[in-house]
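Chemist: Coordinates in work06.txt, compact mmCIF, C-alpha atoms and all ligand atoms, are listed below.
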```txt
# COMPACT_ATOMS: atom_id res chain seq x y z
CA MET A 1 9.24 -34.45 3.76
CA GLY A 2 10.42 -31.06 5.02
CA PHE A 3 8.57 -27.77 4.62
CA SER A 4 9.35 -24.96 2.20
CA ILE A 5 8.52 -21.27 2.29
CA LYS A 6 8.32 -18.72 -0.49
CA THR A 7 9.61 -15.36 0.75
CA TYR A 8 8.90 -11.91 -0.67
CA ASN A 9 10.62 -8.61 0.19
CA GLN A 10 13.72 -8.07 2.31
CA ILE A 11 13.33 -10.45 5.27
CA ALA A 12 15.99 -10.02 7.98
CA GLU A 13 18.62 -12.76 8.05
CA ARG A 14 18.00 -13.50 11.74
CA GLY A 15 14.44 -14.54 10.88
CA LEU A 16 15.51 -16.68 7.95
CA ALA A 17 18.07 -18.38 10.22
CA ARG A 18 15.23 -19.48 12.55
CA LEU A 19 13.65 -21.29 9.62
CA ALA A 20 16.94 -22.92 8.61
CA GLN A 21 17.42 -24.15 12.20
CA GLN A 22 14.16 -26.09 11.84
CA ASP A 23 15.16 -27.43 8.40
CA ILE A 24 12.55 -25.28 6.70
CA LEU A 25 13.71 -24.31 3.21
CA CYS A 26 13.26 -20.91 1.57
CA VAL A 27 12.34 -21.42 -2.09
CA GLU A 28 12.07 -19.22 -5.19
CA SER A 29 8.83 -20.60 -6.56
CA LEU A 30 5.37 -20.50 -5.03
CA ASP A 31 4.31 -23.63 -6.94
CA ARG A 32 4.78 -26.20 -4.18
CA ALA A 33 5.52 -23.95 -1.22
CA ASP A 34 3.84 -24.79 2.11
CA ALA A 35 3.77 -21.18 3.26
CA ILE A 36 4.59 -17.57 2.40
CA LEU A 37 6.67 -15.12 4.44
CA LEU A 38 6.46 -11.49 3.34
CA ARG A 39 6.38 -7.82 4.24
CA SER A 40 4.47 -5.37 2.00
CA GLU A 41 4.23 -7.46 -1.19
CA LYS A 42 0.63 -7.30 -2.45
CA LEU A 43 -0.92 -10.76 -2.61
CA HIS A 44 -4.37 -9.72 -3.84
CA GLY A 45 -4.96 -11.51 -7.13
CA VAL A 46 -2.19 -14.10 -6.56
CA ASP A 47 -3.40 -17.62 -7.28
CA PHE A 48 -2.30 -19.65 -4.24
CA PRO A 49 -1.49 -23.28 -5.07
CA PRO A 50 -3.22 -25.86 -2.80
CA SER A 51 0.13 -26.52 -1.09
CA VAL A 52 0.00 -23.10 0.66
CA ARG A 53 -1.30 -23.50 4.22
CA ALA A 54 -0.07 -20.35 5.92
CA ILE A 55 1.02 -16.76 5.23
CA ALA A 56 3.09 -14.76 7.71
CA ARG A 57 3.34 -10.97 7.47
CA ALA A 58 6.57 -9.80 9.10
CA GLY A 59 4.88 -6.59 10.23
CA ALA A 60 1.57 -5.23 11.47
CA GLY A 61 -0.74 -4.39 8.55
CA VAL A 62 -2.31 -7.30 6.67
CA ASN A 63 -4.19 -5.22 4.09
CA ASN A 64 -1.80 -6.55 1.41
CA ILE A 65 -3.17 -10.08 2.00
CA PRO A 66 -6.64 -11.32 0.93
CA VAL A 67 -7.49 -12.46 4.47
CA GLU A 68 -11.14 -13.35 3.78
CA LEU A 69 -10.20 -15.53 0.85
CA CYS A 70 -7.48 -17.18 2.96
CA SER A 71 -10.01 -17.92 5.72
CA ALA A 72 -12.40 -19.51 3.20
CA ARG A 73 -9.53 -21.64 1.86
CA GLY A 74 -8.23 -22.69 5.28
CA ILE A 75 -5.01 -20.67 5.02
CA ALA A 76 -3.74 -19.26 8.32
CA VAL A 77 -2.63 -15.60 8.17
CA PHE A 78 -0.18 -14.38 10.83
CA ASN A 79 1.23 -10.97 11.66
CA THR A 80 3.70 -9.73 14.30
CA PRO A 81 1.81 -7.41 16.66
CA GLY A 82 3.95 -4.69 18.20
CA ALA A 83 7.22 -5.97 16.73
CA ASN A 84 7.88 -2.78 14.76
CA ALA A 85 5.90 -0.33 16.90
CA ASN A 86 8.95 1.33 18.45
CA ALA A 87 10.43 2.13 15.03
CA VAL A 88 7.20 3.83 13.95
CA LYS A 89 6.90 5.65 17.26
CA GLU A 90 10.35 7.21 16.85
CA LEU A 91 9.55 8.45 13.34
CA VAL A 92 6.21 9.89 14.47
CA ILE A 93 7.95 11.93 17.18
CA CYS A 94 10.51 13.01 14.58
CA SER A 95 7.60 14.11 12.35
CA LEU A 96 6.08 16.23 15.11
CA LEU A 97 9.43 18.02 15.39
CA LEU A 98 9.88 18.31 11.61
CA SER A 99 6.51 19.99 11.30
CA SER A 100 7.15 22.39 14.20
CA ARG A 101 10.61 23.78 13.51
CA GLY A 102 12.35 24.89 10.30
CA ILE A 103 14.53 21.78 10.40
CA LEU A 104 14.30 20.54 6.80
CA PRO A 105 14.23 23.96 5.06
CA GLY A 106 16.90 25.24 7.49
CA ILE A 107 19.25 22.38 6.68
CA GLN A 108 18.53 22.80 2.98
CA PHE A 109 19.30 26.52 3.22
CA ALA A 110 22.57 25.96 5.10
CA ARG A 111 23.64 23.31 2.59
CA GLU A 112 22.99 25.49 -0.44
CA GLN A 113 24.94 28.65 0.54
CA ALA A 114 28.09 28.77 -1.60
CA VAL A 115 29.93 31.24 0.65
CA ASP A 116 33.61 30.38 1.19
CA ASP A 117 34.41 33.04 3.74
CA ARG A 118 33.65 31.62 7.20
CA ALA A 119 32.79 34.93 8.85
CA ALA A 120 30.48 35.89 5.97
CA LEU A 121 28.78 32.49 6.10
CA HIS A 122 28.21 32.73 9.85
CA ALA A 123 26.82 36.25 9.47
CA LEU A 124 24.47 35.08 6.73
CA MET A 125 23.16 32.26 8.92
CA GLU A 126 22.51 34.60 11.85
CA LYS A 127 20.72 37.07 9.56
CA GLN A 128 18.50 34.46 7.89
CA LYS A 129 17.73 32.09 10.78
CA LYS A 130 14.51 33.94 11.59
CA GLN A 131 12.98 32.28 8.51
CA PHE A 132 13.34 28.91 10.21
CA ALA A 133 11.94 29.64 13.66
CA GLY A 134 9.10 27.46 14.89
CA ASN A 135 7.11 26.29 17.88
CA GLU A 136 7.64 23.84 20.72
CA LEU A 137 5.67 20.66 21.31
CA PHE A 138 5.52 21.32 25.05
CA GLY A 139 1.99 22.28 26.07
CA LYS A 140 0.41 21.42 22.70
CA THR A 141 -2.30 18.80 22.22
CA LEU A 142 -1.65 15.57 20.32
CA GLY A 143 -4.69 13.63 19.08
CA ILE A 144 -4.01 9.93 18.55
CA VAL A 145 -6.46 7.97 16.40
CA GLY A 146 -5.95 4.26 17.15
CA LEU A 147 -4.46 3.42 20.55
CA GLY A 148 -2.93 0.02 19.81
CA ALA A 149 0.75 -0.93 19.86
CA ILE A 150 2.01 2.21 18.10
CA GLY A 151 -0.59 4.68 19.37
CA SER A 152 0.09 3.84 23.02
CA MET A 153 3.87 4.16 22.59
CA VAL A 154 3.48 7.53 20.87
CA ALA A 155 1.20 8.65 23.73
CA GLU A 156 3.84 7.80 26.30
CA VAL A 157 6.62 9.79 24.62
CA ALA A 158 4.33 12.74 23.86
CA LEU A 159 3.33 12.93 27.54
CA GLY A 160 7.02 12.84 28.43
CA LEU A 161 7.57 15.82 26.12
CA GLY A 162 4.94 17.79 28.04
CA MET A 163 2.15 17.42 25.50
CA LYS A 164 -1.47 16.92 26.35
CA VAL A 165 -2.67 13.69 24.74
CA VAL A 166 -6.22 12.88 23.64
CA GLY A 167 -7.17 9.57 22.01
CA TYR A 168 -9.94 8.00 19.97
CA ASP A 169 -10.32 4.26 19.47
CA PRO A 170 -13.82 2.77 19.38
CA ALA A 171 -12.41 -0.76 18.97
CA LEU A 172 -9.83 -0.60 21.80
CA SER A 173 -9.06 -4.05 23.24
CA VAL A 174 -8.88 -4.58 26.99
CA GLU A 175 -5.20 -5.50 26.68
CA ALA A 176 -4.45 -2.27 24.77
CA ALA A 177 -6.41 -0.24 27.33
CA TRP A 178 -4.17 -1.63 30.09
CA ARG A 179 -1.06 -0.51 28.16
CA LEU A 180 -2.29 3.05 27.78
CA PRO A 181 -0.93 5.77 30.08
CA ASN A 182 -3.83 6.96 32.24
CA GLN A 183 -3.20 10.62 31.39
CA VAL A 184 -4.53 9.99 27.87
CA GLU A 185 -7.93 11.65 27.64
CA ARG A 186 -10.52 9.56 25.86
CA MET A 187 -12.53 11.36 23.16
CA GLU A 188 -16.01 10.12 22.32
CA GLY A 189 -15.96 10.97 18.62
CA LEU A 190 -13.34 11.53 15.92
CA ASN A 191 -14.50 15.10 15.25
CA ASN A 192 -14.13 15.97 18.94
CA LEU A 193 -10.52 14.82 18.78
CA LEU A 194 -9.85 16.73 15.54
CA SER A 195 -11.25 19.97 16.92
CA VAL A 196 -8.96 20.11 19.98
CA SER A 197 -5.68 18.75 18.54
CA ASP A 198 -2.69 20.77 17.36
CA TYR A 199 -1.30 17.53 15.89
CA VAL A 200 -3.30 14.48 14.79
CA THR A 201 -1.55 11.15 14.25
CA LEU A 202 -3.24 8.08 12.74
CA HIS A 203 -2.49 4.53 13.94
CA VAL A 204 -5.39 2.42 12.70
CA PRO A 205 -5.37 -0.58 10.35
CA ALA A 206 -6.57 -0.16 6.76
CA ILE A 207 -9.94 -1.88 6.95
CA GLU A 208 -13.29 -0.99 5.45
CA ALA A 209 -14.24 1.16 8.46
CA THR A 210 -11.08 3.27 8.20
CA LEU A 211 -10.94 3.90 4.43
CA ASN A 212 -10.87 7.70 3.90
CA LEU A 213 -11.25 8.14 7.65
CA ILE A 214 -9.85 11.64 7.11
CA ASN A 215 -11.90 13.21 4.33
CA ALA A 216 -13.46 16.40 2.94
CA ASP A 217 -16.31 16.16 5.45
CA ASN A 218 -14.21 16.11 8.62
CA LEU A 219 -11.14 18.11 7.52
CA PRO A 220 -12.99 21.39 8.33
CA ALA A 221 -13.26 20.12 11.94
CA PHE A 222 -9.45 20.34 12.41
CA LYS A 223 -8.06 23.18 14.49
CA PRO A 224 -6.69 26.02 12.32
CA GLY A 225 -2.97 25.43 11.78
CA ALA A 226 -3.08 21.75 12.81
CA VAL A 227 -0.68 19.12 11.49
CA LEU A 228 -1.81 15.71 10.20
CA VAL A 229 0.58 12.75 10.54
CA ASN A 230 -0.13 9.47 8.75
CA PHE A 231 2.18 6.51 9.25
CA ALA A 232 -0.77 4.08 9.04
CA ARG A 233 -1.75 3.62 5.37
CA GLU A 234 -2.41 5.81 2.33
CA ALA A 235 -6.03 4.62 2.04
CA ILE A 236 -6.95 6.04 5.45
CA VAL A 237 -6.58 9.60 4.20
CA ASP A 238 -8.27 11.19 1.19
CA TYR A 239 -5.10 12.94 0.08
CA LYS A 240 -6.89 15.16 -2.46
CA ALA A 241 -9.10 16.53 0.32
CA VAL A 242 -5.93 17.02 2.42
CA LEU A 243 -4.30 19.05 -0.37
CA ASN A 244 -7.41 21.25 -0.53
CA ALA A 245 -7.30 21.69 3.25
CA LEU A 246 -3.63 22.67 3.01
CA ASP A 247 -4.44 25.23 0.29
CA SER A 248 -7.42 26.83 1.97
CA GLY A 249 -7.23 25.75 5.62
CA PRO A 250 -7.54 24.60 8.29
CA ILE A 251 -4.42 22.37 8.33
CA ARG A 252 -0.88 23.62 7.68
CA HIS A 253 1.21 20.46 7.17
CA TYR A 254 0.74 16.82 6.17
CA ILE A 255 3.48 14.34 7.09
CA CYS A 256 3.10 10.79 5.86
CA ASP A 257 4.88 7.59 4.89
CA PHE A 258 3.10 7.33 1.53
CA PRO A 259 4.22 9.65 -1.30
CA GLU A 260 1.87 10.64 -4.15
CA PRO A 261 2.83 12.33 -7.44
CA ALA A 262 0.66 15.29 -6.38
CA PHE A 263 2.96 15.91 -3.37
CA ARG A 264 6.00 16.73 -5.52
CA ASN A 265 7.62 20.06 -4.63
CA ARG A 266 5.02 20.92 -1.98
CA GLN A 267 6.67 22.48 1.06
CA ASP A 268 3.59 21.75 3.18
CA VAL A 269 3.76 17.98 2.58
CA THR A 270 6.58 15.83 3.92
CA ALA A 271 6.33 12.31 2.50
CA MET A 272 8.73 9.51 3.40
CA PRO A 273 9.16 6.33 1.32
CA HIS A 274 7.28 3.94 3.68
CA ILE A 275 10.19 3.71 6.12
CA GLY A 276 8.19 3.63 9.37
CA ALA A 277 9.34 0.08 10.15
CA SER A 278 12.69 0.25 8.37
CA THR A 279 15.13 -0.13 11.24
CA GLN A 280 17.44 -3.08 11.77
CA GLU A 281 15.78 -3.71 15.13
CA ALA A 282 12.20 -3.71 13.83
CA GLU A 283 13.08 -5.77 10.77
CA GLU A 284 14.76 -8.39 12.94
CA ASN A 285 11.96 -8.43 15.55
CA CYS A 286 9.33 -8.90 12.85
CA ALA A 287 11.27 -11.52 10.88
CA VAL A 288 12.10 -13.61 13.97
CA MET A 289 8.55 -13.46 15.31
CA ALA A 290 7.00 -14.29 11.93
CA ALA A 291 9.45 -17.15 11.31
CA GLU A 292 8.89 -18.67 14.76
CA GLN A 293 5.10 -18.48 14.46
CA LEU A 294 5.21 -19.98 10.97
CA ALA A 295 7.56 -22.79 12.01
CA ASP A 296 5.42 -23.68 15.06
CA TYR A 297 2.34 -23.82 12.83
CA LEU A 298 3.96 -25.93 10.12
CA LEU A 299 5.74 -28.32 12.51
CA ASN A 300 3.21 -28.53 15.38
CA GLY A 301 -0.03 -26.92 14.21
CA ASN A 302 0.16 -24.39 17.05
CA ILE A 303 -1.25 -20.93 16.35
CA LYS A 304 -0.01 -17.63 17.77
CA ASN A 305 -0.93 -14.22 16.36
CA ALA A 306 -3.05 -15.40 13.46
CA VAL A 307 -5.49 -12.70 12.36
CA ASN A 308 -8.05 -15.22 11.07
CA LEU A 309 -7.72 -18.15 13.49
CA PRO A 310 -7.87 -18.63 17.27
CA GLU A 311 -4.81 -18.82 19.52
CA VAL A 312 -4.13 -22.55 20.04
CA SER A 313 -1.17 -24.36 21.55
CA MET A 314 -0.95 -27.97 22.65
CA PRO A 315 2.24 -29.76 23.75
CA ARG A 316 3.25 -32.74 21.59
CA VAL A 317 2.84 -36.20 23.13
CA PRO A 318 5.58 -38.68 22.16
CA ASN A 319 4.60 -41.48 19.75
CA THR A 320 1.47 -39.77 18.48
CA ARG A 321 0.46 -38.33 15.13
CA ARG A 322 -1.19 -34.94 15.07
CA LEU A 323 -4.16 -34.16 12.88
CA THR A 324 -5.16 -30.52 12.51
CA PHE A 325 -8.07 -29.14 10.56
CA ILE A 326 -9.80 -25.85 9.89
CA ASN A 327 -13.54 -25.72 9.33
CA ASP A 328 -16.41 -23.27 8.93
CA ASN A 329 -17.67 -22.59 12.43
CA VAL A 330 -20.94 -24.55 12.10
CA ALA A 331 -22.33 -27.25 14.39
CA GLY A 332 -21.52 -30.92 13.90
CA VAL A 333 -18.21 -30.85 12.02
CA LEU A 334 -16.01 -32.04 14.90
CA GLY A 335 -18.51 -34.85 15.61
CA GLN A 336 -18.27 -36.07 12.03
CA VAL A 337 -14.46 -36.00 12.13
CA LEU A 338 -14.40 -37.99 15.38
CA SER A 339 -16.79 -40.54 13.84
CA VAL A 340 -14.41 -41.05 10.93
CA LEU A 341 -11.50 -41.52 13.36
CA ALA A 342 -13.57 -43.94 15.50
CA GLU A 343 -14.47 -45.99 12.39
CA GLN A 344 -10.72 -46.35 11.74
CA SER A 345 -10.18 -47.37 15.41
CA PHE A 346 -7.72 -44.55 16.17
CA ASN A 347 -7.30 -43.77 19.83
CA VAL A 348 -7.47 -40.01 20.47
CA VAL A 349 -5.10 -39.07 23.32
CA ASP A 350 -5.62 -35.31 23.36
CA MET A 351 -7.58 -32.73 21.45
CA MET A 352 -8.46 -29.07 21.30
CA ASN A 353 -11.16 -27.14 19.46
CA LYS A 354 -11.43 -23.35 19.33
CA SER A 355 -13.21 -20.85 17.14
CA HIS A 356 -12.52 -17.34 15.89
CA GLY A 357 -15.54 -15.72 14.27
CA ASP A 358 -16.68 -17.86 11.36
CA VAL A 359 -13.70 -20.21 11.49
CA ALA A 360 -12.86 -23.08 13.85
CA TYR A 361 -9.53 -24.82 14.38
CA ASN A 362 -8.88 -28.26 15.83
CA ILE A 363 -5.89 -30.30 16.96
CA ILE A 364 -6.29 -34.04 17.54
CA ASP A 365 -3.39 -36.22 18.75
CA MET A 366 -3.77 -39.93 18.01
CA GLU A 367 -1.89 -43.11 18.84
CA GLY A 368 -1.11 -45.86 16.42
CA ASP A 369 -0.26 -46.04 12.72
CA VAL A 370 -2.29 -43.28 11.17
CA PRO A 371 -2.33 -43.65 7.36
CA GLU A 372 -1.78 -40.57 5.18
CA ASN A 373 -5.19 -41.02 3.50
CA ILE A 374 -6.86 -39.81 6.71
CA GLU A 375 -6.23 -36.27 5.36
CA PHE A 376 -8.30 -37.14 2.30
CA LEU A 377 -11.12 -38.71 4.34
CA ILE A 378 -11.42 -35.76 6.71
CA GLY A 379 -11.10 -33.30 3.80
CA GLN A 380 -14.25 -34.85 2.26
CA ILE A 381 -16.38 -33.73 5.22
CA GLU A 382 -18.57 -30.74 4.42
CA HIS A 383 -17.30 -27.42 5.89
CA VAL A 384 -13.75 -28.71 6.43
CA THR A 385 -11.50 -26.27 4.54
CA SER A 386 -8.03 -27.58 5.35
CA VAL A 387 -6.52 -30.75 6.91
CA ARG A 388 -2.96 -31.60 7.88
CA LEU A 389 -1.43 -34.74 9.32
CA ILE A 390 1.79 -33.72 11.02
N1 LIG A 401 4.48 2.97 8.16
C1 LIG A 401 4.85 1.77 8.55
O1 LIG A 401 5.92 1.29 8.19
C2 LIG A 401 3.98 0.99 9.46
C3 LIG A 401 2.61 1.14 9.42
N2 LIG A 401 1.82 0.43 10.27
C4 LIG A 401 0.36 0.65 10.17
O2 LIG A 401 -0.11 1.06 11.43
C5 LIG A 401 -1.28 0.32 11.77
C6 LIG A 401 -1.39 0.23 13.28
O3 LIG A 401 -0.34 -0.55 13.79
P1 LIG A 401 -0.34 -1.08 15.30
O4 LIG A 401 -0.50 0.05 16.25
O5 LIG A 401 0.84 -1.96 15.45
O6 LIG A 401 -1.68 -1.96 15.30
P2 LIG A 401 -2.63 -2.35 16.50
O7 LIG A 401 -3.53 -3.41 15.97
O8 LIG A 401 -1.85 -2.63 17.73
O9 LIG A 401 -3.50 -1.03 16.77
C7 LIG A 401 -4.50 -0.58 15.90
C8 LIG A 401 -5.55 0.12 16.75
O10 LIG A 401 -6.50 0.76 15.87
C9 LIG A 401 -7.77 0.66 16.50
N3 LIG A 401 -8.85 0.90 15.55
C10 LIG A 401 -9.42 0.04 14.67
N4 LIG A 401 -10.38 0.66 13.97
C11 LIG A 401 -10.41 1.95 14.42
C12 LIG A 401 -11.20 3.10 14.08
N5 LIG A 401 -12.15 3.02 13.13
N6 LIG A 401 -10.96 4.27 14.73
C13 LIG A 401 -10.01 4.35 15.69
N7 LIG A 401 -9.25 3.28 16.07
C14 LIG A 401 -9.44 2.11 15.42
C15 LIG A 401 -7.76 -0.76 17.09
O11 LIG A 401 -8.77 -0.90 18.09
C16 LIG A 401 -6.36 -0.84 17.65
O12 LIG A 401 -6.31 -0.43 19.00
C17 LIG A 401 -1.08 -1.02 11.06
O13 LIG A 401 -2.31 -1.68 10.82
C18 LIG A 401 -0.37 -0.63 9.79
O14 LIG A 401 -1.32 -0.35 8.77
C19 LIG A 401 2.33 -0.43 11.20
C20 LIG A 401 3.67 -0.62 11.28
C21 LIG A 401 4.60 0.03 10.39
O1 LIG A 402 4.15 -3.43 9.49
C1 LIG A 402 3.52 -2.70 8.70
O2 LIG A 402 2.28 -2.62 8.66
C2 LIG A 402 4.27 -1.87 7.74
O3 LIG A 402 3.69 -1.06 7.06
C3 LIG A 402 5.73 -2.10 7.58
O4 LIG A 402 5.92 -2.41 6.22
P1 LIG A 402 7.32 -3.04 5.72
O5 LIG A 402 7.50 -4.34 6.43
O6 LIG A 402 8.37 -2.04 6.07
O7 LIG A 402 7.13 -3.21 4.24
```
Show the structure stored in the file as structure tokens.
Modeler:
Amino acid sequence: MGFSIKTYNQIAERGLARLAQQDILCVESLDRADAILLRSEKLHGVDFPPSVRAIARAGAGVNNIPVELCSARGIAVFNTPGANANAVKELVICSLLLSSRGILPGIQFAREQAVDDRAALHALMEKQKKQFAGNELFGKTLGIVGLGAIGSMVAEVALGLGMKVVGYDPALSVEAAWRLPNQVERMEGLNNLLSVSDYVTLHVPAIEATLNLINADNLPAFKPGAVLVNFAREAIVDYKAVLNALDSGPIRHYICDFPEPAFRNRQDVTAMPHIGASTQEAEENCAVMAAEQLADYLLNGNIKNAVNLPEVSMPRVPNTRRLTFINDNVAGVLGQVLSVLAEQSFNVVDMMNKSHGDVAYNIIDMEGDVPENIEFLIGQIEHVTSVRLI
């Protein structure tokens, strides 16, 4: 029987085509779907039927998915690291410019002048343009909080624009550190970064440690006249504290991708409708990557870019059946599974076992006629949370 996937949100056609090429169906109902492919749809509170074995987020942030619950239920959760980073980077640079020059109010002013006489209109523009003067980015300091896929790309462009770049990322991976331009100055604490930056841009995931990362306690540490840019998530910034800091200092502008009713008609807040990743290129990159990862997991049990499972890939051996299972990472589970297989006289030709935190994942390739009830037998073993015979 083929696999089926329930999709949410606008998933780029190129990604959906990858699924069709592998005979994986996109379906309307979640009831019997094997997997979910989505963007920002919130899945907290959704009752996943037992058929669901994997969820792929065509994008970076997985805070819309109950990852812990998925791990406990043996559901793999994938994302697409870096696939939309360039789109966000471009909009962040645009935001630095929007907050530095009278671009938006200047355009608005020019658009609104109902003067038909060309010479009079030109004279009016020359007379009024002083209202829309600003500052250059060159020579200013950009503080980047979170130096992952997006943060490192923003750093590179900002350096190219002649900015000084300082960064803060206590969880920086070795791989991300290698990607980072070496002119980025590492700050030891968040407040140190805030106190020296003319612009602060946030590129961290929404996790417990980053909720209200920018708040009433550290907003006074910002440089007077600084700009805060948030293309990460709304929950990372206490927006009420930001509005207070805009009213009484020290910051002068907040640019974000997450509008709030309280932002309406404020000239010192520029809020976009969560369009950081909304380019054709990013949407296609994310959809293709998510679809390929999902298909490889469903068809072969291989795992790439899962946020709750280890990276595992094993070539298929002809004339074998593949058993995969997820278990709590406690001693003895693999031994019990192998005993069950030995009792049934199955010859194991290849296997792999890897763990990721509290969860372990296993692939076992076997020769011979493996009956479907092996899934049931293995599923009975304590601490096994999910079994598939592929
Ligand atoms: N507005 C939009 O459309 C988009 C928003 N995003 C948001 O941006 C976030 C970052 O995206 P990527 O750069 O692709 O992710 P990434 O995983 O490559 O980088 C995140 C970085 O944040 C760091 N980090 C974690 N906790 C931290 C803390 N407490 N303080 C400082 N740094 C910390 C990590 O070590 C990592 O280097 C996503 O999680 C998502 O929420 C991502 C893409 C599009
Ligand atoms: O990738 C992310 O984390 C994003 O926020 C992009 O969201 P979207 O796919 O545009 O709904």
Chemist: Please return as a list in words the residues found within 8 Å of ligand LIG 402 (chain A), counting all atoms listed in the file.
Modeler: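 My answer, listing the contacting residues, is Asn9, Leu38, Arg39, Ser40, Glu41, Arg57, Ala58, Gly59, Ala60, Gly61, Val62, Thr80, Asn84, Ala232, Arg233, His274, Ile275, Gly276, Ala277, Ser278 and Glu283 of chain A.
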Chemist: Name the closest residue to ligand LIG 401 (chain A) among the candidates A:Ala262, A:Ala133, A:Val330, A:Cys256; distances are taken between atoms, counting all atoms listed in the file.
Modeler: A:Cys256
Chemist: May I have the residues within 6 Å of ligand LIG 401 (chain A), computed using only C-alpha atoms and all ligand atoms, as an mmCIF file with C-alpha atoms, in the coordinates of the input?
Modeler:
```cif
data_model
loop_
_atom_site.group_PDB
_atom_site.id
_atom_site.type_symbol
_atom_site.label_atom_id
_atom_site.label_comp_id
_atom_site.auth_asym_id
_atom_site.auth_seq_id
_atom_site.Cartn_x
_atom_site.Cartn_y
_atom_site.Cartn_z
ATOM 1 C CA ALA A 60 1.570 -5.230 11.470
ATOM 2 C CA GLY A 61 -0.740 -4.390 8.550
ATOM 3 C CA PRO A 81 1.810 -7.410 16.660
ATOM 4 C CA GLY A 82 3.950 -4.690 18.200
ATOM 5 C CA ASN A 84 7.880 -2.780 14.760
ATOM 6 C CA ALA A 85 5.900 -0.330 16.900
ATOM 7 C CA VAL A 88 7.200 3.830 13.950
ATOM 8 C CA VAL A 145 -6.460 7.970 16.400
ATOM 9 C CA GLY A 146 -5.950 4.260 17.150
ATOM 10 C CA LEU A 147 -4.460 3.420 20.550
ATOM 11 C CA GLY A 148 -2.930 0.020 19.810
ATOM 12 C CA ALA A 149 0.750 -0.930 19.860
ATOM 13 C CA ILE A 150 2.010 2.210 18.100
ATOM 14 C CA GLY A 151 -0.590 4.680 19.370
ATOM 15 C CA TYR A 168 -9.940 8.000 19.970
ATOM 16 C CA ASP A 169 -10.320 4.260 19.470
ATOM 17 C CA PRO A 170 -13.820 2.770 19.380
ATOM 18 C CA ALA A 171 -12.410 -0.760 18.970
ATOM 19 C CA LEU A 172 -9.830 -0.600 21.800
ATOM 20 C CA HIS A 203 -2.490 4.530 13.940
ATOM 21 C CA VAL A 204 -5.390 2.420 12.700
ATOM 22 C CA PRO A 205 -5.370 -0.580 10.350
ATOM 23 C CA ALA A 206 -6.570 -0.160 6.760
ATOM 24 C CA ALA A 209 -14.240 1.160 8.460
ATOM 25 C CA THR A 210 -11.080 3.270 8.200
ATOM 26 C CA PHE A 231 2.180 6.510 9.250
ATOM 27 C CA ALA A 232 -0.770 4.080 9.040
ATOM 28 C CA ARG A 233 -1.750 3.620 5.370
ATOM 29 C CA ASP A 257 4.880 7.590 4.890
ATOM 30 C CA HIS A 274 7.280 3.940 3.680
ATOM 31 C CA ILE A 275 10.190 3.710 6.120
ATOM 32 C CA GLY A 276 8.190 3.630 9.370
ATOM 33 C CA ALA A 277 9.340 0.080 10.150
#
```
Chemist: One decimal, in Å: what's the spacing between CA of Ser386 (chain A) and CA of Tyr8 (chain A)?
Modeler: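 Pair CA of Ser386 (chain A) / CA of Tyr8 (chain A) returns 23.8 Å.
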Chemist: Fewer than 5 positions away in the same chain doesn't count, so skip those; otherwise give me all residues within 10 Å of Ala290 (chain A), counting only C-alpha atoms, as an MDAnalysis selection string.
Modeler: chainID A and resid 11 15:16 18:19 37:38 55:59 78:81 83 284:285 295 304:305
Chemist: So which one's closest to Gly301 (chain A), A:Leu180, A:Ile378, A:Val269, A:Ala76? Using only C-alpha atoms, please.
Modeler: A:Ala76
Chemist: Looking at A:Leu43, A:Ile144, A:Val384, A:Ile207, which one is nearest to Ala331 (chain A), with distances taken over all atoms listed in the file?
Modeler: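 Checking each candidate against Ala331 (chain A), we get A:Val384 as the closest.
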Chemist: Residues of region 162-211 of chain A within 10 Å of region 94-103 of chain A: nearest atom pair and distance (Å, one decimal) for each, counting all atoms listed in the file, sorted by chain and number, as CSV?
Modeler:
```
residue,atom,partner,partner_atom,distance
A:Tyr199,CA,A:Leu96,CA,7.5
A:Val200,CA,A:Leu96,CA,9.5
A:Thr201,CA,A:Leu96,CA,9.2
```
Chemist: What's the 12 Å shell around Ala245 (chain A), counting all atoms listed in the file, without same-chain residues fewer than 2 positions away, as a ChimeraX atom specification?
Modeler: /A:214-228,238-243,247-254,268-269
Chemist: Quote the spacing between CA of Phe109 (chain A) and CA of Ala158 (chain A) in Å to one decimal place.
Modeler: 29.0 Å
Chemist: Mind pulling up the distance from CA of Ala287 (chain A) to CA of Glu156 (chain A)?
Modeler: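 So the answer is 25.8 Å.
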Chemist: Give me the residues near Thr141 (chain A) as number ranges by chain, where near means some atom within 10 Å (using all atoms listed in the file) and where sequence neighbours in that chain fewer than 6 positions away do not count.
Modeler: A: 158-159, 162-166, 193, 196-200, 226
Chemist: Of the residues A:Lys6, A:Arg388, A:Lys354, A:His122, which is the one nearest to Cys26 (chain A), using all atoms listed in the file?
Modeler: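 Nearest candidate to Cys26 (chain A) out of A:Lys6, A:Arg388, A:Lys354, A:His122: A:Lys6.
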Chemist: So that all listed atoms of region 334-352 of chain A fit with 6 Å spare on each side, what axis-aligned box centre and edge lengths in Å, to one decimal, would you give as lines of an AutoDock Vina configuration file?
Modeler:
```
center_x = -11.8
center_y = -38.2
center_z = 17.1
size_x = 25.4
size_y = 30.3
size_z = 24.4
```
Chemist: Determine the nearest neighbour of Gly143 (chain A) from the options A:Leu190, A:Leu299, A:Ile24, A:Val370, counting only C-alpha atoms.
Modeler: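 The shortest atom-to-atom distance to Gly143 (chain A) comes from A:Leu190.
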Chemist: Neighbours of Gly379 (chain A) within 12 Å (all atoms listed in the file; same-chain residues fewer than 4 positions away dropped), as a list in words?
Modeler: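 In the requested format, the answer is Arg73, Gly74, Leu323, Thr324, Phe325, Ile326, Asn327, Val333, Gln336, Val337, Val340, Glu372, Asn373, Ile374, Glu375, His383, Val384, Thr385, Ser386, Val387, Arg388 and Leu389 of chain A.
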